[in-house]
file structure-v2.tsv (TSV, C-alpha atoms and all ligand atoms)
chain	number	residue	atom	x	y	z
A	892	MET	CA	20.59	2.05	-30.48
A	893	SER	CA	16.93	2.60	-29.76
A	894	TYR	CA	14.96	0.38	-27.42
A	895	ASP	CA	11.27	-0.24	-26.85
A	896	PRO	CA	9.91	1.74	-23.92
A	897	ILE	CA	9.65	-0.09	-20.59
A	898	PRO	CA	6.63	1.23	-18.70
A	899	LEU	CA	6.47	1.46	-14.93
A	900	LEU	CA	3.44	-0.83	-15.12
A	901	ASP	CA	2.01	-2.77	-18.07
A	902	LEU	CA	-1.59	-3.75	-17.30
A	903	LYS	CA	-2.24	-4.98	-20.84
A	904	ALA	CA	0.55	-7.55	-20.56
A	905	GLN	CA	-1.31	-9.11	-17.63
A	906	TYR	CA	-4.79	-8.79	-19.11
A	907	VAL	CA	-3.99	-10.79	-22.25
A	908	THR	CA	-2.98	-13.76	-20.08
A	909	ILE	CA	-6.34	-13.95	-18.28
A	910	ARG	CA	-8.81	-12.40	-20.68
A	911	ASP	CA	-10.54	-15.76	-21.22
A	912	GLU	CA	-11.14	-16.13	-17.49
A	913	ILE	CA	-12.38	-12.60	-16.90
A	914	GLU	CA	-14.70	-12.07	-19.83
A	915	PRO	CA	-17.24	-14.87	-19.08
A	916	LEU	CA	-17.64	-13.54	-15.53
A	917	MET	CA	-18.17	-9.99	-16.78
A	918	ARG	CA	-20.67	-11.33	-19.31
A	919	ASP	CA	-22.51	-13.08	-16.49
A	920	VAL	CA	-22.93	-9.78	-14.66
A	921	ALA	CA	-24.23	-8.21	-17.87
A	922	ASP	CA	-26.58	-11.12	-18.59
A	923	THR	CA	-28.03	-11.21	-15.07
A	924	GLN	CA	-28.04	-7.40	-14.72
A	925	TRP	CA	-27.25	-7.95	-11.02
A	926	PHE	CA	-24.90	-5.01	-10.48
A	927	ILE	CA	-25.11	-4.34	-6.73
A	928	GLY	CA	-24.39	-7.13	-4.23
A	929	GLY	CA	-25.17	-10.65	-5.45
A	930	PRO	CA	-23.22	-13.86	-6.01
A	931	HIS	CA	-20.02	-12.37	-7.44
A	932	LEU	CA	-19.61	-10.06	-4.45
A	933	ASP	CA	-20.48	-12.80	-1.94
A	934	ALA	CA	-17.98	-15.17	-3.54
A	935	PHE	CA	-15.24	-12.56	-3.60
A	936	GLU	CA	-15.78	-11.50	0.01
A	937	LYS	CA	-15.52	-15.15	1.11
A	938	SER	CA	-12.43	-15.83	-1.00
A	939	LEU	CA	-10.67	-12.68	0.13
A	940	ALA	CA	-11.39	-13.35	3.82
A	941	ALA	CA	-9.92	-16.84	3.39
A	942	TYR	CA	-6.92	-15.48	1.47
A	943	CYS	CA	-6.17	-12.97	4.25
A	944	GLY	CA	-6.90	-15.39	7.08
A	945	ALA	CA	-9.60	-13.08	8.45
A	946	LYS	CA	-13.09	-13.98	9.63
A	947	HIS	CA	-14.88	-11.30	7.60
A	948	ALA	CA	-14.24	-9.31	4.44
A	949	ILE	CA	-16.54	-6.43	3.51
A	950	GLY	CA	-16.36	-4.92	0.04
A	951	CYS	CA	-16.53	-1.15	-0.42
A	952	ALA	CA	-15.97	1.42	-3.14
A	953	SER	CA	-12.24	2.11	-2.67
A	954	GLY	CA	-9.26	1.77	-0.37
A	955	SER	CA	-9.92	5.35	0.74
A	956	ASP	CA	-13.44	4.38	1.81
A	957	ALA	CA	-12.10	1.24	3.54
A	958	LEU	CA	-10.06	3.58	5.77
A	959	LEU	CA	-12.92	6.03	6.28
A	960	LEU	CA	-15.46	3.30	7.12
A	961	SER	CA	-13.01	1.64	9.52
A	962	LEU	CA	-12.40	4.90	11.37
A	963	ILE	CA	-16.15	5.54	11.66
A	964	ALA	CA	-16.70	1.96	12.86
A	965	VAL	CA	-14.19	2.34	15.70
A	966	GLY	CA	-15.74	5.65	16.74
A	967	VAL	CA	-13.26	8.24	15.44
A	968	GLY	CA	-14.90	11.65	15.23
A	969	ALA	CA	-14.39	15.38	15.59
A	970	GLY	CA	-11.48	16.42	17.79
A	971	ASP	CA	-9.92	12.95	17.99
A	972	GLU	CA	-6.29	12.18	17.20
A	973	VAL	CA	-5.16	9.29	15.00
A	974	ILE	CA	-1.49	8.41	14.60
A	975	CYS	CA	-0.28	7.68	11.05
A	976	PRO	CA	2.89	8.12	9.00
A	977	SER	CA	3.51	11.23	6.94
A	978	TYR	CA	5.26	9.14	4.27
A	979	THR	CA	2.24	7.52	2.61
A	980	PHE	CA	-0.41	8.14	-0.01
A	981	PHE	CA	-2.70	11.05	0.87
A	982	ALA	CA	-5.77	8.84	1.50
A	983	THR	CA	-4.35	7.62	4.83
A	984	ALA	CA	-4.55	11.06	6.41
A	985	GLY	CA	-7.42	12.27	4.22
A	986	ALA	CA	-9.74	9.71	5.85
A	987	ILE	CA	-8.81	11.00	9.32
A	988	TRP	CA	-9.30	14.65	8.34
A	989	ARG	CA	-12.66	14.01	6.68
A	990	LEU	CA	-14.04	12.97	10.07
A	991	GLY	CA	-12.91	16.16	11.78
A	992	ALA	CA	-10.13	14.24	13.49
A	993	ARG	CA	-6.42	15.14	13.34
A	994	PRO	CA	-3.53	13.08	11.98
A	995	VAL	CA	-0.57	12.87	14.38
A	996	TRP	CA	2.50	12.23	12.24
A	997	VAL	CA	5.19	9.66	12.86
A	998	ASP	CA	8.48	9.29	11.02
A	999	ILE	CA	9.54	6.11	9.19
A	1000	ASP	CA	12.31	3.58	9.45
A	1001	PRO	CA	14.72	4.51	6.60
A	1002	ILE	CA	15.18	0.93	5.38
A	1003	THR	CA	11.61	-0.44	5.41
A	1004	TYR	CA	9.88	2.94	4.87
A	1005	ASN	CA	7.35	1.80	7.49
A	1006	CYS	CA	6.60	3.48	10.78
A	1007	THR	CA	7.65	1.66	13.93
A	1008	ALA	CA	5.99	0.80	17.24
A	1009	GLU	CA	8.58	2.96	19.06
A	1010	SER	CA	7.73	6.02	16.99
A	1011	ILE	CA	4.02	5.47	17.67
A	1012	ARG	CA	4.68	5.09	21.39
A	1013	ALA	CA	6.63	8.36	21.43
A	1014	ALA	CA	3.96	10.24	19.45
A	1015	ALA	CA	1.18	8.89	21.68
A	1016	ALA	CA	2.89	10.32	24.75
A	1017	ALA	CA	2.09	13.83	23.50
A	1018	CYS	CA	-1.54	13.06	22.53
A	1019	THR	CA	-4.51	14.16	24.61
A	1020	SER	CA	-7.37	12.50	22.70
A	1021	LEU	CA	-5.84	9.57	20.83
A	1022	LYS	CA	-8.54	7.37	19.32
A	1023	ALA	CA	-6.72	4.98	16.96
A	1024	ILE	CA	-3.41	4.14	15.34
A	1025	MET	CA	-3.16	3.61	11.60
A	1026	PRO	CA	0.19	2.24	10.39
A	1027	VAL	CA	0.70	1.69	6.64
A	1028	HIS	CA	2.26	-1.44	5.10
A	1029	LEU	CA	4.09	0.67	2.55
A	1030	PHE	CA	5.13	-0.59	-0.90
A	1031	GLY	CA	3.94	-4.12	-0.02
A	1032	GLN	CA	5.96	-4.82	3.13
A	1033	SER	CA	4.25	-5.52	6.43
A	1034	VAL	CA	4.92	-3.28	9.40
A	1035	ASP	CA	6.13	-4.98	12.59
A	1036	MET	CA	2.68	-6.25	13.54
A	1037	CYS	CA	3.76	-7.79	16.87
A	1038	GLY	CA	5.12	-4.42	17.96
A	1039	MET	CA	2.04	-2.60	16.62
A	1040	LEU	CA	-0.39	-4.88	18.44
A	1041	GLU	CA	1.59	-4.46	21.64
A	1042	VAL	CA	1.55	-0.66	21.41
A	1043	ALA	CA	-2.18	-0.60	20.48
A	1044	LYS	CA	-2.90	-2.73	23.55
A	1045	GLU	CA	-0.78	-0.51	25.80
A	1046	LEU	CA	-2.60	2.59	24.52
A	1047	GLY	CA	-6.02	0.91	24.58
A	1048	VAL	CA	-6.86	1.99	21.02
A	1049	PRO	CA	-7.86	0.10	17.86
A	1050	LEU	CA	-5.28	-0.69	15.18
A	1051	ILE	CA	-6.43	0.11	11.65
A	1052	GLU	CA	-4.06	-1.46	9.11
A	1053	ASP	CA	-3.67	0.55	5.91
A	1054	ALA	CA	-2.92	-2.48	3.75
A	1055	ALA	CA	-3.89	-0.78	0.48
A	1056	GLN	CA	-0.51	-1.65	-1.09
A	1057	ALA	CA	0.09	-4.93	0.69
A	1058	ILE	CA	-2.41	-7.66	-0.14
A	1059	GLY	CA	-0.78	-11.05	0.48
A	1060	SER	CA	2.21	-9.71	2.35
A	1061	ARG	CA	3.13	-11.39	5.62
A	1062	ASP	CA	4.58	-10.21	8.91
A	1063	THR	CA	7.42	-11.75	10.93
A	1064	THR	CA	5.05	-14.44	12.27
A	1065	GLY	CA	3.93	-15.35	8.73
A	1066	ALA	CA	0.45	-13.86	9.31
A	1067	ALA	CA	-1.15	-12.05	6.37
A	1068	THR	CA	-1.60	-8.28	6.53
A	1069	GLY	CA	-5.16	-7.49	7.48
A	1070	SER	CA	-5.51	-10.57	9.68
A	1071	ARG	CA	-4.39	-9.21	13.06
A	1072	GLY	CA	-5.48	-5.56	13.33
A	1073	THR	CA	-8.94	-4.36	14.32
A	1074	THR	CA	-9.49	-3.91	10.59
A	1075	GLY	CA	-7.35	-4.30	7.47
A	1076	CYS	CA	-8.01	-1.88	4.59
A	1077	PHE	CA	-7.31	-2.94	1.00
A	1078	SER	CA	-7.43	-1.12	-2.33
A	1079	PHE	CA	-8.13	-2.66	-5.73
A	1080	PHE	CA	-6.96	0.42	-7.61
A	1081	PRO	CA	-5.74	-0.96	-10.96
A	1082	SER	CA	-2.04	-0.55	-10.14
A	1083	LYS	CA	-2.24	-2.70	-7.02
A	1084	ASN	CA	-1.04	-6.34	-7.12
A	1085	LEU	CA	-4.74	-7.27	-7.17
A	1086	GLY	CA	-6.25	-4.52	-9.29
A	1087	GLY	CA	-9.81	-4.15	-10.54
A	1088	PHE	CA	-11.16	-2.51	-13.67
A	1089	GLY	CA	-11.69	0.72	-11.74
A	1090	ASP	CA	-11.95	1.61	-8.08
A	1091	GLY	CA	-12.68	-0.90	-5.34
A	1092	GLY	CA	-11.80	-1.69	-1.76
A	1093	MET	CA	-12.22	-4.23	1.02
A	1094	ILE	CA	-12.11	-4.27	4.81
A	1095	THR	CA	-11.11	-7.39	6.75
A	1096	THR	CA	-11.82	-7.97	10.43
A	1097	ASN	CA	-12.12	-10.80	12.93
A	1098	ASP	CA	-14.63	-8.88	15.06
A	1099	ASP	CA	-18.28	-9.87	14.41
A	1100	ASP	CA	-19.67	-6.58	15.74
A	1101	VAL	CA	-17.26	-4.44	13.72
A	1102	ALA	CA	-18.13	-6.50	10.61
A	1103	ALA	CA	-21.87	-6.03	11.11
A	1104	HIS	CA	-21.34	-2.31	11.71
A	1105	LEU	CA	-19.24	-1.97	8.54
A	1106	ARG	CA	-21.88	-3.77	6.45
A	1107	ARG	CA	-24.42	-1.26	7.68
A	1108	LEU	CA	-22.15	1.76	7.29
A	1109	ARG	CA	-21.32	1.00	3.65
A	1110	ASN	CA	-25.04	1.04	2.90
A	1111	HIS	CA	-26.10	4.41	4.39
A	1112	GLY	CA	-26.18	2.96	7.91
A	1113	MET	CA	-29.32	1.08	6.85
A	1114	ASP	CA	-30.62	-2.00	8.73
A	1115	PRO	CA	-33.23	-3.25	8.11
A	1116	LYS	CA	-34.13	-1.80	4.72
A	1117	TYR	CA	-35.10	1.90	4.95
A	1118	TYR	CA	-34.38	2.07	8.69
A	1119	HIS	CA	-31.32	4.12	9.67
A	1120	GLN	CA	-29.83	4.11	13.16
A	1121	GLU	CA	-26.92	6.22	11.94
A	1122	VAL	CA	-25.60	8.01	8.88
A	1123	GLY	CA	-23.30	5.95	6.70
A	1124	LEU	CA	-21.98	6.13	3.14
A	1125	ASN	CA	-22.92	4.73	-0.21
A	1126	SER	CA	-19.75	2.70	-0.60
A	1127	ARG	CA	-20.15	-0.68	-2.25
A	1128	LEU	CA	-17.93	-2.91	-4.35
A	1129	ASP	CA	-19.80	-3.32	-7.66
A	1130	ALA	CA	-20.62	-6.83	-8.91
A	1131	MET	CA	-18.60	-6.11	-12.09
A	1132	GLN	CA	-15.48	-5.34	-10.04
A	1133	ALA	CA	-16.09	-8.38	-7.83
A	1134	ALA	CA	-16.38	-10.59	-10.93
A	1135	VAL	CA	-13.05	-9.32	-12.30
A	1136	LEU	CA	-11.34	-9.68	-8.92
A	1137	ASN	CA	-12.71	-13.22	-8.50
A	1138	ALA	CA	-11.03	-14.17	-11.76
A	1139	LYS	CA	-7.76	-12.53	-10.74
A	1140	LEU	CA	-7.44	-13.70	-7.12
A	1141	PRO	CA	-6.25	-17.27	-7.93
A	1142	HIS	CA	-3.31	-15.70	-9.83
A	1143	LEU	CA	-2.31	-13.23	-7.16
A	1144	ASP	CA	0.36	-15.32	-5.43
A	1145	ALA	CA	2.06	-16.19	-8.71
A	1146	TRP	CA	2.05	-12.51	-9.73
A	1147	SER	CA	3.48	-11.40	-6.39
A	1148	ASP	CA	6.12	-14.17	-6.57
A	1149	ALA	CA	7.10	-12.93	-10.04
A	1150	ARG	CA	7.51	-9.42	-8.60
A	1151	GLY	CA	9.66	-10.96	-5.85
A	1152	ALA	CA	11.82	-12.68	-8.48
A	1153	ASN	CA	12.24	-9.37	-10.32
A	1154	ALA	CA	13.23	-7.74	-7.03
A	1155	ALA	CA	15.79	-10.47	-6.33
A	1156	HIS	CA	17.28	-9.97	-9.80
A	1157	TYR	CA	17.52	-6.21	-9.27
A	1158	ASP	CA	19.03	-6.72	-5.79
A	1159	GLU	CA	21.66	-9.02	-7.24
A	1160	MET	CA	22.63	-6.64	-10.03
A	1161	PHE	CA	22.66	-3.53	-7.85
A	1162	THR	CA	24.61	-5.09	-4.98
A	1163	ALA	CA	27.13	-6.63	-7.41
A	1164	ALA	CA	27.71	-3.06	-8.63
A	1165	GLY	CA	28.34	-1.85	-5.06
A	1166	ALA	CA	24.89	-0.82	-3.80
A	1167	SER	CA	23.95	-1.37	-0.19
A	1168	ASN	CA	20.79	-2.62	1.46
A	1169	THR	CA	21.76	-1.99	5.05
A	1170	ALA	CA	22.26	0.92	7.40
A	1171	GLY	CA	20.63	4.28	6.84
A	1172	SER	CA	23.47	5.45	4.70
A	1173	MET	CA	24.22	5.08	1.05
A	1174	THR	CA	27.90	5.45	1.78
A	1175	ALA	CA	27.95	1.86	3.10
A	1176	GLY	CA	28.25	0.61	-0.49
A	1177	THR	CA	30.71	1.71	-3.12
A	1178	LEU	CA	27.81	2.78	-5.34
A	1179	PRO	CA	25.67	5.52	-3.76
A	1180	LEU	CA	22.48	3.55	-4.17
A	1181	LEU	CA	20.28	1.91	-1.53
A	1182	VAL	CA	18.17	-1.10	-2.50
A	1183	PRO	CA	15.24	-2.48	-0.49
A	1184	LYS	CA	16.07	-5.17	2.03
A	1185	GLN	CA	14.33	-8.51	1.43
A	1186	PRO	CA	12.67	-9.53	4.71
A	1187	ALA	CA	13.52	-13.03	5.95
A	1188	SER	CA	10.89	-15.79	5.69
A	1189	PRO	CA	8.15	-16.19	6.93
A	1190	SER	CA	7.80	-12.45	6.26
A	1191	ARG	CA	6.77	-11.70	2.71
A	1192	HIS	CA	7.18	-8.50	0.73
A	1193	ILE	CA	4.83	-8.38	-2.25
A	1194	TYR	CA	6.66	-5.53	-4.01
A	1195	ASN	CA	3.76	-3.36	-5.04
A	1196	GLN	CA	6.65	-0.98	-5.62
A	1197	TYR	CA	10.42	-1.54	-5.82
A	1198	VAL	CA	11.91	1.64	-4.41
A	1199	LEU	CA	15.58	2.59	-4.70
A	1200	ARG	CA	17.38	5.51	-3.18
A	1201	VAL	CA	20.09	7.65	-4.66
A	1202	PRO	CA	21.52	10.91	-3.29
A	1203	ALA	CA	19.03	13.77	-3.62
A	1204	SER	CA	21.51	15.62	-5.82
A	1205	VAL	CA	21.40	12.74	-8.32
A	1206	ARG	CA	17.74	11.74	-8.15
A	1207	ASP	CA	16.22	14.28	-10.53
A	1208	ALA	CA	19.03	13.90	-13.06
A	1209	LEU	CA	18.46	10.14	-12.92
A	1210	ARG	CA	14.77	10.73	-13.57
A	1211	SER	CA	15.55	12.81	-16.67
A	1212	HIS	CA	17.95	10.13	-17.89
A	1213	LEU	CA	15.27	7.46	-17.45
A	1214	VAL	CA	12.86	9.60	-19.46
A	1215	ASP	CA	15.46	9.80	-22.25
A	1216	GLU	CA	15.93	6.03	-22.04
A	1217	LYS	CA	12.12	5.49	-22.10
A	1218	ILE	CA	12.18	3.67	-18.76
A	1219	GLY	CA	9.09	4.21	-16.60
A	1220	HIS	CA	9.59	5.35	-13.01
A	1221	ASP	CA	7.92	7.50	-10.38
A	1222	VAL	CA	8.51	9.03	-6.98
A	1223	TYR	CA	6.43	7.77	-4.07
A	1224	TYR	CA	6.07	10.32	-2.54
A	1225	PRO	CA	7.74	13.62	-3.43
A	1226	VAL	CA	5.92	15.70	-0.80
A	1227	PRO	CA	5.38	14.13	2.63
A	1228	LEU	CA	1.95	14.75	4.12
A	1229	HIS	CA	3.14	16.98	6.95
A	1230	ILE	CA	4.46	19.42	4.30
A	1231	GLN	CA	1.36	19.35	2.08
A	1232	GLU	CA	-0.32	22.74	1.82
A	1233	CYS	CA	-3.51	21.49	3.51
A	1234	PHE	CA	-1.65	20.03	6.50
A	1235	GLN	CA	1.22	22.50	6.99
A	1236	HIS	CA	-0.52	24.07	9.97
A	1237	LEU	CA	-0.47	20.81	11.94
A	1238	PRO	CA	2.36	20.17	14.38
A	1239	ALA	CA	5.06	17.74	13.26
A	1240	GLY	CA	8.02	16.38	15.20
A	1241	ASP	CA	11.27	15.18	13.70
A	1242	MET	CA	10.40	13.89	10.21
A	1243	SER	CA	13.96	13.69	8.93
A	1244	HIS	CA	13.79	10.10	7.60
A	1245	THR	CA	10.53	10.92	5.83
A	1246	GLU	CA	11.90	14.09	4.26
A	1247	ARG	CA	15.08	12.39	3.17
A	1248	ALA	CA	13.20	9.45	1.63
A	1249	ALA	CA	10.99	11.88	-0.28
A	1250	ALA	CA	14.09	13.54	-1.76
A	1251	GLU	CA	16.00	10.35	-2.57
A	1252	SER	CA	13.54	7.63	-3.53
A	1253	ILE	CA	12.61	6.43	-6.98
A	1254	ALA	CA	10.36	3.50	-7.96
A	1255	ILE	CA	11.27	1.41	-11.01
A	1256	PRO	CA	9.34	-1.21	-13.04
A	1257	ILE	CA	8.63	-4.38	-11.02
A	1258	TYR	CA	5.41	-5.74	-12.54
A	1259	SER	CA	5.04	-9.51	-12.93
A	1260	GLU	CA	5.34	-9.64	-16.72
A	1261	LEU	CA	8.64	-7.72	-16.87
A	1262	THR	CA	11.08	-9.81	-18.92
A	1263	GLU	CA	14.62	-10.66	-17.92
A	1264	SER	CA	16.07	-8.48	-20.67
A	1265	GLN	CA	13.84	-5.55	-19.63
A	1266	ARG	CA	14.84	-5.71	-15.98
A	1267	THR	CA	18.50	-6.12	-16.93
A	1268	ARG	CA	18.26	-3.01	-19.09
A	1269	VAL	CA	16.58	-1.07	-16.27
A	1270	ALA	CA	19.28	-2.03	-13.75
A	1271	THR	CA	22.19	-1.52	-16.15
A	1272	THR	CA	20.91	1.92	-17.17
A	1273	ILE	CA	20.65	3.00	-13.53
A	1274	ILE	CA	24.01	1.54	-12.49
A	1275	ASN	CA	25.83	3.17	-15.42
A	1276	PHE	CA	24.22	6.52	-14.74
A	1277	VAL	CA	24.87	6.52	-10.98
A	1278	GLN	CA	28.46	5.35	-11.50
A	1279	ALA	CA	29.04	8.22	-13.89
A	1280	GLN	CA	27.96	10.78	-11.26
A	1281	THR	CA	30.48	12.07	-8.76
A	1282	PRO	CA	29.53	10.26	-5.56
A	1283	VAL	CA	28.08	12.83	-3.24
A	1284	GLY	CA	28.61	12.64	0.52
A	1285	VAL	CA	25.33	11.84	2.24
A	1301	LIG	C1	-1.24	3.57	1.27
A	1301	LIG	C2	-2.56	3.80	0.57
A	1301	LIG	N1	-3.65	4.04	1.31
A	1301	LIG	C3	-4.84	4.24	0.75
A	1301	LIG	C4	-5.01	4.22	-0.61
A	1301	LIG	C5	-6.35	4.54	-1.19
A	1301	LIG	O1	-6.85	3.55	-2.03
A	1301	LIG	P1	-7.83	3.91	-3.23
A	1301	LIG	O2	-7.04	4.54	-4.31
A	1301	LIG	O3	-8.41	2.58	-3.62
A	1301	LIG	O4	-8.87	4.81	-2.67
A	1301	LIG	C6	-3.91	3.98	-1.42
A	1301	LIG	C7	-4.06	3.97	-2.90
A	1301	LIG	O5	-3.19	4.18	-3.66
A	1301	LIG	C8	-2.65	3.77	-0.82
A	1301	LIG	O6	-1.56	3.54	-1.57

call {"tool": "encode", "arguments": {"input": "structure-v2.tsv", "output": "structure tokens"}}
result
Amino acid sequence: MSYDPIPLLDLKAQYVTIRDEIEPLMRDVADTQWFIGGPHLDAFEKSLAAYCGAKHAIGCASGSDALLLSLIAVGVGAGDEVICPSYTFFATAGAIWRLGARPVWVDIDPITYNCTAESIRAAAAACTSLKAIMPVHLFGQSVDMCGMLEVAKELGVPLIEDAAQAIGSRDTTGAATGSRGTTGCFSFFPSKNLGGFGDGGMITTNDDDVAAHLRRLRNHGMDPKYYHQEVGLNSRLDAMQAAVLNAKLPHLDAWSDARGANAAHYDEMFTAAGASNTAGSMTAGTLPLLVPKQPASPSRHIYNQYVLRVPASVRDALRSHLVDEKIGHDVYYPVPLHIQECFQHLPAGDMSHTERAAAESIAIPIYSELTESQRTRVATTIINFVQAQTPVGV
């Protein structure tokens, strides 16, 4: 029997549901020819700040630039150290390196895939010029923000939240990501829960001085016009992107809830088949498969990705099988940053959870418009395949 392909992400399925809301706003940008700054950007910055429970939101060209601008704003420069996980998208560490600073790697918790306050505390003990910490809310789940704020305070350094994948997620106190750190950095890359029609980013902060500095920095360090106290970037969120994002923002919670419902359905099917969502070991279940653990309310996971783990010896065969079955999937991330060619020369401590996650993880379709029959087929295909493999000791 042949089935329709199930992509990892189907942006068209979402677009058709909101085309009538987006197109008039895009037409307005075209009619007014106001492409840089202007009412669409102002409206979006206000709405996003309110959505994240932050005092300020400052648009910029990408999530990568949100990180870079934040690091510049808190004074990171040549020779400084910034702690971040190795298990993340490259931009996290790229921003640090671009400033002549050095990433200091921390390992992750094997269940949440996030770094912990304890690992940051331990890494900081060996630092001589630590300037900031930059945890990542990976896959849409908040890090332990209470622990992070405590460790940042102890160390006397700013806390830059890499929230690129986690807009609308909430920590154990129910606070939104990006509302408690020195800055929160968001990406509107099209595959994010709130995705633009191209690149875009945003920085949130509650600090008036940091906000004013960021507004200057994103515009060549210029204030007032043609007067430069410092060198900044050209990094602005275009009016066209802001218009699209304004139309999408009111739908964001419903889309993230739909992802959560898909995740709950997957969890149910996988655990019924013997998968486990606890402990660091896949041997805890009768099926060698580890599913993500749903955090208890008021925490909120927004499932930018739904990431499973299977034994490393099975993972690549599973990938080939999913290709044959036309089921979209990907690996986030196959090569941890401390092993990347450009960073191999940097010291790294014990990164065993990171390395193991890179060898075992696989992301499967979770987008809001996934139908019940599609997600059932995805789960059934994976369960049948993993069951057919000889369980491997892990
Ligand atoms: C964790 C993380 N940080 C930073 C970024 C960079 O965002 P952008 O692609 O908008 O530059 C991404 C984007 O995928 C990301 O996933």

call {"tool": "residues_around", "arguments": {"input": "structure-v2.tsv", "residues": "Ala1163 (chain A)", "least_positions_apart": "5", "cutoff": "12 Å", "atoms": "all atoms listed in the file", "output": "PDB file with C-alpha atoms, in the frame of the given file"}}
result
ATOM      1  CA  HIS A1156      17.280  -9.970  -9.800  1.00  0.00           C
ATOM      2  CA  TYR A1157      17.520  -6.210  -9.270  1.00  0.00           C
ATOM      3  CA  ASP A1158      19.030  -6.720  -5.790  1.00  0.00           C
ATOM      4  CA  ASN A1168      20.790  -2.620   1.460  1.00  0.00           C
ATOM      5  CA  GLY A1176      28.250   0.610  -0.490  1.00  0.00           C
ATOM      6  CA  THR A1177      30.710   1.710  -3.120  1.00  0.00           C
ATOM      7  CA  LEU A1178      27.810   2.780  -5.340  1.00  0.00           C
ATOM      8  CA  LEU A1180      22.480   3.550  -4.170  1.00  0.00           C
ATOM      9  CA  VAL A1182      18.170  -1.100  -2.500  1.00  0.00           C
ATOM     10  CA  ALA A1270      19.280  -2.030 -13.750  1.00  0.00           C
ATOM     11  CA  THR A1271      22.190  -1.520 -16.150  1.00  0.00           C
ATOM     12  CA  ILE A1274      24.010   1.540 -12.490  1.00  0.00           C
TER      13      ILE A1274
END

call {"tool": "residues_near_ligand", "arguments": {"input": "structure-v2.tsv", "ligand": "ligand LIG 1301 (chain A)", "cutoff": "9 Å", "atoms": "all atoms listed in the file", "output": "mmCIF file with C-alpha atoms, in the coordinates of the input"}}
result
data_model
loop_
_atom_site.group_PDB
_atom_site.id
_atom_site.type_symbol
_atom_site.label_atom_id
_atom_site.label_comp_id
_atom_site.auth_asym_id
_atom_site.auth_seq_id
_atom_site.Cartn_x
_atom_site.Cartn_y
_atom_site.Cartn_z
ATOM 1 C CA ALA A 952 -15.970 1.420 -3.140
ATOM 2 C CA SER A 953 -12.240 2.110 -2.670
ATOM 3 C CA GLY A 954 -9.260 1.770 -0.370
ATOM 4 C CA SER A 955 -9.920 5.350 0.740
ATOM 5 C CA ASP A 956 -13.440 4.380 1.810
ATOM 6 C CA ALA A 957 -12.100 1.240 3.540
ATOM 7 C CA LEU A 958 -10.060 3.580 5.770
ATOM 8 C CA THR A 979 2.240 7.520 2.610
ATOM 9 C CA PHE A 980 -0.410 8.140 -0.010
ATOM 10 C CA PHE A 981 -2.700 11.050 0.870
ATOM 11 C CA ALA A 982 -5.770 8.840 1.500
ATOM 12 C CA THR A 983 -4.350 7.620 4.830
ATOM 13 C CA ALA A 984 -4.550 11.060 6.410
ATOM 14 C CA ALA A 986 -9.740 9.710 5.850
ATOM 15 C CA VAL A 1027 0.700 1.690 6.640
ATOM 16 C CA HIS A 1028 2.260 -1.440 5.100
ATOM 17 C CA LEU A 1029 4.090 0.670 2.550
ATOM 18 C CA PHE A 1030 5.130 -0.590 -0.900
ATOM 19 C CA ASP A 1053 -3.670 0.550 5.910
ATOM 20 C CA ALA A 1054 -2.920 -2.480 3.750
ATOM 21 C CA ALA A 1055 -3.890 -0.780 0.480
ATOM 22 C CA GLN A 1056 -0.510 -1.650 -1.090
ATOM 23 C CA ALA A 1057 0.090 -4.930 0.690
ATOM 24 C CA CYS A 1076 -8.010 -1.880 4.590
ATOM 25 C CA PHE A 1077 -7.310 -2.940 1.000
ATOM 26 C CA SER A 1078 -7.430 -1.120 -2.330
ATOM 27 C CA PHE A 1079 -8.130 -2.660 -5.730
ATOM 28 C CA PHE A 1080 -6.960 0.420 -7.610
ATOM 29 C CA PRO A 1081 -5.740 -0.960 -10.960
ATOM 30 C CA SER A 1082 -2.040 -0.550 -10.140
ATOM 31 C CA LYS A 1083 -2.240 -2.700 -7.020
ATOM 32 C CA GLY A 1089 -11.690 0.720 -11.740
ATOM 33 C CA ASP A 1090 -11.950 1.610 -8.080
ATOM 34 C CA GLY A 1091 -12.680 -0.900 -5.340
ATOM 35 C CA GLY A 1092 -11.800 -1.690 -1.760
#

call {"tool": "residues_near_point", "arguments": {"input": "structure-v2.tsv", "point": "(-19.6, -1.5, -6.3)", "cutoff": "9 Å", "atoms": "only C-alpha atoms", "output": "list in words"}}
result
Phe926, Ile927, Gly928, Leu932, Gly950, Cys951, Ala952, Ser953, Asp1090, Gly1091, Ser1126, Arg1127, Leu1128, Asp1129, Ala1130, Met1131, Gln1132 and Ala1133 of chain A

call {"tool": "residues_near_point", "arguments": {"input": "structure-v2.tsv", "point": "(4.7, 17.7, -1.1)", "cutoff": "12 Å", "atoms": "only C-alpha atoms", "output": "PyMOL selection string"}}
result
chain A and resi 977-981+1222-1235+1245-1246+1249-1250

call {"tool": "residues_around", "arguments": {"input": "structure-v2.tsv", "residues": "Val1201 (chain A)", "least_positions_apart": "6", "cutoff": "9 Å", "atoms": "all atoms listed in the file", "output": "list in words"}}
result
Met1173, Pro1179, Leu1180, Leu1181, Leu1209, Ala1250, Glu1251, Ser1252, Ile1253 and Val1277 of chain A

call {"tool": "residues_around", "arguments": {"input": "structure-v2.tsv", "residues": "Ala1208 (chain A)", "least_positions_apart": "3", "cutoff": "12 Å", "atoms": "all atoms listed in the file", "output": "count of residues only"}}
result
17

call {"tool": "closest_residue", "arguments": {"input": "structure-v2.tsv", "among": "A:Ala1154, A:Ala992, A:Ile1193, A:Ile1255", "to": "Leu1237 (chain A)", "atoms": "all atoms listed in the file"}}
result
A:Ala992
